[in-house]
>>> print(open('target-v5.pdb').read())   # PDB, C-alpha atoms
ATOM      1  CA  MET Z1240      -0.283  86.456  45.260
ATOM      2  CA  GLY Z1241      -4.014  86.916  44.941
ATOM      3  CA  LYS Z1242      -6.277  86.311  42.009
ATOM      4  CA  GLY Z1243      -5.851  88.710  39.142
ATOM      5  CA  PHE Z1244      -2.075  88.890  39.486
ATOM      6  CA  ILE Z1245       0.205  87.496  36.843
ATOM      7  CA  THR Z1246       3.510  86.012  37.895
ATOM      8  CA  ARG Z1247       6.637  88.009  37.262
ATOM      9  CA  ARG Z1248       8.014  85.079  35.271
ATOM     10  CA  ALA Z1249       4.941  85.077  32.981
ATOM     11  CA  PHE Z1250       5.154  88.857  32.619
ATOM     12  CA  LEU Z1251       8.867  88.808  31.751
ATOM     13  CA  GLY Z1252       8.321  85.925  29.331
ATOM     14  CA  SER Z1253       5.638  87.938  27.560
ATOM     15  CA  VAL Z1254       7.900  90.991  27.350
ATOM     16  CA  GLN Z1255      10.829  88.937  26.054
ATOM     17  CA  SER Z1256       8.639  87.314  23.416
ATOM     18  CA  SER Z1257       7.417  90.724  22.225
ATOM     19  CA  VAL Z1258      10.804  92.396  22.176
ATOM     20  CA  GLY Z1259      12.338  89.694  20.012
ATOM     21  CA  LYS Z1260      10.026  90.284  17.061
ATOM     22  CA  SER Z1261       9.121  93.969  17.492
ATOM     23  CA  VAL Z1262      10.295  96.431  14.831
ATOM     24  CA  ILE Z1263      10.292  99.183  17.470
ATOM     25  CA  LEU Z1264      12.547  98.944  20.497
ATOM     26  CA  LEU Z1265      12.477 101.801  22.960
ATOM     27  CA  SER Z1266      15.134 102.851  25.413
ATOM     28  CA  ALA Z1267      14.095 103.835  28.925
ATOM     29  CA  PRO Z1268      14.484 107.569  28.109
ATOM     30  CA  ALA Z1269      12.327 107.158  24.971
ATOM     31  CA  ILE Z1270       9.610 105.448  27.008
ATOM     32  CA  ILE Z1271       9.767 108.222  29.613
ATOM     33  CA  VAL Z1272       9.440 110.970  26.988
ATOM     34  CA  ALA Z1273       6.573 109.170  25.241
ATOM     35  CA  CYS Z1274       4.795 108.670  28.552
ATOM     36  CA  ARG Z1275       5.260 112.292  29.565
ATOM     37  CA  ASP Z1276       3.861 113.517  26.262
ATOM     38  CA  ALA Z1277       1.026 110.985  26.471
ATOM     39  CA  GLN Z1278       0.187 112.225  29.968
ATOM     40  CA  GLN Z1279       0.002 115.827  28.773
ATOM     41  CA  ALA Z1280      -2.171 114.883  25.770
ATOM     42  CA  ARG Z1281      -4.536 112.762  27.844
ATOM     43  CA  LEU Z1282      -4.948 115.366  30.573
ATOM     44  CA  SER Z1283      -5.513 118.225  28.142
ATOM     45  CA  GLY Z1284      -7.952 116.217  26.016
ATOM     46  CA  ALA Z1285      -5.779 116.972  22.994
ATOM     47  CA  ALA Z1286      -6.416 115.305  19.674
ATOM     48  CA  PHE Z1287      -4.104 112.540  18.640
ATOM     49  CA  GLN Z1288      -0.898 113.772  17.045
ATOM     50  CA  ASN Z1289      -0.065 110.823  14.796
ATOM     51  CA  LEU Z1290      -3.066 108.525  14.765
ATOM     52  CA  ASN Z1291      -6.269 109.445  13.030
ATOM     53  CA  GLU Z1292      -9.471 108.809  15.002
ATOM     54  CA  ASN Z1293     -10.157 105.474  13.314
ATOM     55  CA  GLU Z1294      -6.598 104.219  13.874
ATOM     56  CA  ALA Z1295      -6.815 105.306  17.517
ATOM     57  CA  GLN Z1296     -10.036 103.309  17.981
ATOM     58  CA  GLU Z1297      -8.514 100.279  16.287
ATOM     59  CA  PHE Z1298      -5.246 100.362  18.263
ATOM     60  CA  ASP Z1299      -7.190 100.979  21.478
ATOM     61  CA  ALA Z1300      -9.306  97.891  20.749
ATOM     62  CA  ILE Z1301      -6.197  95.818  19.999
ATOM     63  CA  ALA Z1302      -4.506  97.031  23.198
ATOM     64  CA  SER Z1303      -7.665  96.189  25.130
ATOM     65  CA  ARG Z1304      -7.486  92.594  23.918
ATOM     66  CA  ILE Z1305      -3.752  92.273  24.677
ATOM     67  CA  LEU Z1306      -4.234  93.553  28.232
ATOM     68  CA  PRO Z1307      -8.000  93.338  28.757
ATOM     69  CA  SER Z1308     -10.060  94.836  31.524
ATOM     70  CA  THR Z1309     -11.260  92.077  33.788
ATOM     71  CA  ASN Z1310     -11.612  92.382  37.529
ATOM     72  CA  THR Z1311      -8.567  94.653  37.164
ATOM     73  CA  PRO Z1312      -8.071  97.624  34.827
ATOM     74  CA  GLY Z1313      -6.469  96.972  31.460
ATOM     75  CA  ALA Z1314      -4.795  98.889  28.651
ATOM     76  CA  LYS Z1315      -7.854 101.070  28.018
ATOM     77  CA  GLU Z1316      -7.905 102.361  31.599
ATOM     78  CA  ALA Z1317      -4.146 102.891  31.496
ATOM     79  CA  GLY Z1318      -4.495 105.178  28.456
ATOM     80  CA  VAL Z1319      -2.101 103.078  26.376
ATOM     81  CA  VAL Z1320      -3.463 104.479  23.080
ATOM     82  CA  TYR Z1321      -1.997 107.903  23.971
ATOM     83  CA  PHE Z1322       1.366 106.249  24.521
ATOM     84  CA  LEU Z1323       1.086 104.563  21.105
ATOM     85  CA  ASP Z1324       0.197 107.890  19.501
ATOM     86  CA  ASN Z1325       3.356 109.496  20.880
ATOM     87  CA  VAL Z1326       5.663 106.628  19.980
ATOM     88  CA  LEU Z1327       4.426 106.410  16.395
ATOM     89  CA  ASP Z1328       5.730 109.814  15.338
ATOM     90  CA  ASP Z1329       7.492 110.918  12.142
ATOM     91  CA  SER Z1330      10.824 109.481  13.284
ATOM     92  CA  ARG Z1331       9.289 105.997  13.041
ATOM     93  CA  SER Z1332       7.441 106.363   9.748
ATOM     94  CA  ASN Z1333       8.682 103.012   8.355
ATOM     95  CA  GLU Z1334       7.570 101.168  11.480
ATOM     96  CA  PHE Z1335       4.266 103.052  11.543
ATOM     97  CA  ASP Z1336       3.706 102.097   7.894
ATOM     98  CA  LEU Z1337       4.236  98.434   8.836
ATOM     99  CA  LEU Z1338       1.657  98.780  11.613
ATOM    100  CA  LYS Z1339      -0.777 100.502   9.251
ATOM    101  CA  ARG Z1340      -0.411  97.626   6.784
ATOM    102  CA  GLY Z1341      -1.034  95.171   9.614
ATOM    103  CA  LEU Z1342      -4.092  97.155  10.614
ATOM    104  CA  GLN Z1343      -5.372  97.113   7.011
ATOM    105  CA  ASP Z1344      -4.909  93.343   6.934
ATOM    106  CA  LEU Z1345      -6.796  93.030  10.227
ATOM    107  CA  ARG Z1346      -9.660  95.151   8.877
ATOM    108  CA  ALA Z1347      -9.763  93.109   5.667
ATOM    109  CA  SER Z1348     -10.125  89.941   7.736
ATOM    110  CA  ALA Z1349     -12.852  91.582   9.849
ATOM    111  CA  SER Z1350     -14.692  92.437   6.643
ATOM    112  CA  LEU Z1351     -14.287  88.986   5.042
ATOM    113  CA  GLU Z1352     -15.010  86.891   8.098
ATOM    114  CA  PHE Z1353     -17.545  89.048   9.954
ATOM    115  CA  SER Z1354     -18.816  91.642   7.430
ATOM    116  CA  SER Z1355     -17.481  94.476   9.580
ATOM    117  CA  SER Z1356     -15.379  97.334   8.267
ATOM    118  CA  ASN Z1357     -13.703  97.866  11.648
ATOM    119  CA  PHE Z1358     -11.901  95.617  14.090
ATOM    120  CA  PHE Z1359     -13.077  97.662  17.103
ATOM    121  CA  SER Z1360     -16.758  96.974  16.332
ATOM    122  CA  LEU Z1361     -16.311  93.175  16.549
ATOM    123  CA  THR Z1362     -17.129  91.170  19.654
ATOM    124  CA  GLU Z1363     -14.260  90.288  21.980
ATOM    125  CA  VAL Z1364     -14.385  86.653  20.841
ATOM    126  CA  GLN Z1365     -14.127  87.704  17.192
ATOM    127  CA  GLN Z1366     -11.299  90.137  17.984
ATOM    128  CA  ASP Z1367      -9.396  87.452  19.872
ATOM    129  CA  MET Z1368      -9.809  85.035  16.974
ATOM    130  CA  LEU Z1369      -8.348  87.508  14.458
ATOM    131  CA  LEU Z1370      -5.477  88.489  16.760
ATOM    132  CA  LYS Z1371      -4.666  84.846  17.506
ATOM    133  CA  GLN Z1372      -4.220  84.300  13.744
ATOM    134  CA  ARG Z1373      -1.563  87.060  13.767
ATOM    135  CA  GLU Z1374       0.170  86.127  16.989
ATOM    136  CA  ASP Z1375       3.464  85.210  15.267
ATOM    137  CA  THR Z1376       3.615  88.300  13.035
ATOM    138  CA  THR Z1377       5.854  91.322  13.353
ATOM    139  CA  PHE Z1378       2.713  93.471  13.454
ATOM    140  CA  PHE Z1379       1.336  91.740  16.531
ATOM    141  CA  SER Z1380       4.703  91.485  18.311
ATOM    142  CA  THR Z1381       5.311  95.205  17.836
ATOM    143  CA  ILE Z1382       1.860  96.183  19.082
ATOM    144  CA  ARG Z1383       2.156  93.839  22.075
ATOM    145  CA  TYR Z1384       5.552  95.303  22.966
ATOM    146  CA  LEU Z1385       4.222  98.876  22.776
ATOM    147  CA  VAL Z1386       1.131  98.023  24.814
ATOM    148  CA  ILE Z1387       3.263  96.461  27.545
ATOM    149  CA  ALA Z1388       5.634  99.458  27.539
ATOM    150  CA  GLY Z1389       2.709 101.879  27.848
ATOM    151  CA  MET Z1390       0.985  99.806  30.521
ATOM    152  CA  PHE Z1391       3.949  99.438  32.865
ATOM    153  CA  ALA Z1392       5.857 102.677  32.352
ATOM    154  CA  LEU Z1393       6.114 105.353  35.039
ATOM    155  CA  PRO Z1394       2.641 106.743  35.805
ATOM    156  CA  GLU Z1395       3.879 110.299  36.236
ATOM    157  CA  TYR Z1396       4.998 110.318  32.618
ATOM    158  CA  GLY Z1397       1.678 109.235  31.119
ATOM    159  CA  GLY Z1398       1.769 105.493  30.812
ATOM    160  CA  ASN Z1399       0.296 103.304  33.488
ATOM    161  CA  LYS Z1400      -2.435 105.813  34.410
ATOM    162  CA  ASP Z1401      -3.297 105.622  38.107
ATOM    163  CA  SER Z1402      -0.627 102.901  38.499
ATOM    164  CA  VAL Z1403      -2.976 100.257  37.115
ATOM    165  CA  GLY Z1404      -0.036  98.353  35.607
ATOM    166  CA  TYR Z1405       1.819  98.325  38.918
ATOM    167  CA  ASP Z1406      -1.302  97.088  40.690
ATOM    168  CA  LEU Z1407      -1.657  94.311  38.130
ATOM    169  CA  ILE Z1408       1.787  92.877  38.878
ATOM    170  CA  GLY Z1409       1.648  93.634  42.602
ATOM    171  CA  PHE Z1410       4.383  96.283  42.554
ATOM    172  CA  ASP Z1411       4.295  98.669  45.511
ATOM    173  CA  ASP Z1412       5.590 101.993  44.173
ATOM    174  CA  ARG Z1413       7.117 103.672  47.220
ATOM    175  CA  HIS Z1414       9.697 106.412  47.188
ATOM    176  CA  SER Z1415      11.389 105.031  50.280
ATOM    177  CA  TRP Z1416      11.552 101.705  52.050
ATOM    178  CA  PHE Z1417      12.222 100.862  55.672
ATOM    179  CA  SER Z1418      14.488  98.139  56.984
ATOM    180  CA  PRO Z1419      14.562  95.259  56.927
ATOM    181  CA  TYR Z1420      14.407  95.610  53.169
ATOM    182  CA  GLY Z1421      14.235  91.931  52.400
ATOM    183  CA  TYR Z1422      15.785  88.620  53.129
ATOM    184  CA  TYR Z1423      18.991  89.287  51.240
ATOM    185  CA  ASP Z1424      19.451  92.790  52.602
ATOM    186  CA  ALA Z1425      18.801  91.652  56.185
ATOM    187  CA  ASP Z1426      21.295  88.814  55.773
ATOM    188  CA  HIS Z1427      23.816  91.240  54.329
ATOM    189  CA  ILE Z1428      23.381  93.678  57.246
ATOM    190  CA  GLU Z1429      23.746  90.875  59.837
ATOM    191  CA  LYS Z1430      27.081  89.915  58.333
ATOM    192  CA  GLY Z1431      28.231  93.511  58.592
ATOM    193  CA  GLU Z1432      28.915  93.834  54.896
TER
END
>>> encode(input="target-v5.pdb", output="structure tokens")
Amino acid sequence: MGKGFITRRAFLGSVQSSVGKSVILLSAPAIIVACRDAQQARLSGAAFQNLNENEAQEFDAIASRILPSTNTPGAKEAGVVYFLDNVLDDSRSNEFDLLKRGLQDLRASASLEFSSSNFFSLTEVQQDMLLKQREDTTFFSTIRYLVIAGMFALPEYGGNKDSVGYDLIGFDDRHSWFSPYGYYDADHIEKGE
């Protein structure tokens, strides 16, 4: 693997760590629906349905620090904030309230430590410092889980815009493959099984 790629083991470890503490767990169909709705909202330039503009900027900044843009696109380029907006609907009001409280706490820390009323207006170093302090919280675990889900979901449904998540992990999204499919498949075919 080239530079810029994360290992599958590191990726799966990050997902497992997030899922364990997240207050929101999504099934594959729920992720697909959220991505589809996010895709439609992003393409139409629609206003956010559940996030106000300030919350959208804050969650976008948080997502951008969880999966930052480096020499590869990150959460911002993938449009993860639209995915978050669709997931945090009325059916998850308790979970959304928890995230809002976490966001208020983050803003309070930004104000106390850096005299800024918003997290998104801080430098990346300052943002990382505040997020690192919350790394073991339910707030952070839930946001990290949702960012990962939005980043690596099916592009045609709104997450993973332009397949930037697939490119990040080196996944080649083809609709069909040609033989030999891989070591195990080739071995299986040779044995006539």
>>> atom_distance(input="target-v5.pdb", atom1="atom CA of Ala1392 of chain Z", atom2="atom CA of Arg1340 of chain Z")
26.8 Å
>>> residues_around(input="target-v5.pdb", residues="Ala1317 of chain Z", least_positions_apart="4", cutoff="7 Å", atoms="only C-alpha atoms", output="ChimeraX atom specification")
/Z:1313,1390,1398-1400,1403
>>> atom_distance(input="target-v5.pdb", atom1="atom CA of Asp1406 of chain Z", atom2="atom CA of Ala1295 of chain Z")
25.2 Å
>>> closest_residue(input="target-v5.pdb", among="Z:Phe1359, Z:Tyr1384, Z:Phe1335, Z:Phe1353", to="Glu1292 of chain Z", atoms="all atoms listed in the file")
Z:Phe1359
>>> closest_atom_pairs(input="target-v5.pdb", of="segment 1366-1401 of chain Z", to="segment 1342-1346 of chain Z", cutoff="9 Å", atoms="all atoms listed in the file", output="Markdown table")
| residue | atom | partner | partner_atom | distance |
| --- | --- | --- | --- | --- |
| Z:Leu1369 | CA | Z:Leu1345 | CA | 7.1 |
| Z:Leu1370 | CA | Z:Leu1345 | CA | 8.1 |
| Z:Arg1373 | CA | Z:Leu1345 | CA | 8.7 |
| Z:Phe1378 | CA | Z:Leu1342 | CA | 8.2 |
>>> closest_residue(input="target-v5.pdb", among="Z:Glu1363, Z:Asp1329, Z:Asp1411, Z:Asp1401", to="Ile1305 of chain Z", atoms="all atoms listed in the file")
Z:Glu1363
>>> closest_residue(input="target-v5.pdb", among="Z:Glu1374, Z:Asp1367, Z:Glu1297, Z:Asp1412", to="Leu1323 of chain Z", atoms="only C-alpha atoms")
Z:Glu1297
>>> residues_around(input="target-v5.pdb", residues="Val1320 of chain Z", least_positions_apart="3", cutoff="12 Å", atoms="only C-alpha atoms", output="number ranges by chain")
Z: 1273-1274, 1277-1278, 1280-1281, 1286-1303, 1313-1317, 1323-1327, 1382, 1385-1390, 1397-1400
>>> atom_distance(input="target-v5.pdb", atom1="atom CA of Glu1334 of chain Z", atom2="atom CA of Thr1377 of chain Z")
10.2 Å
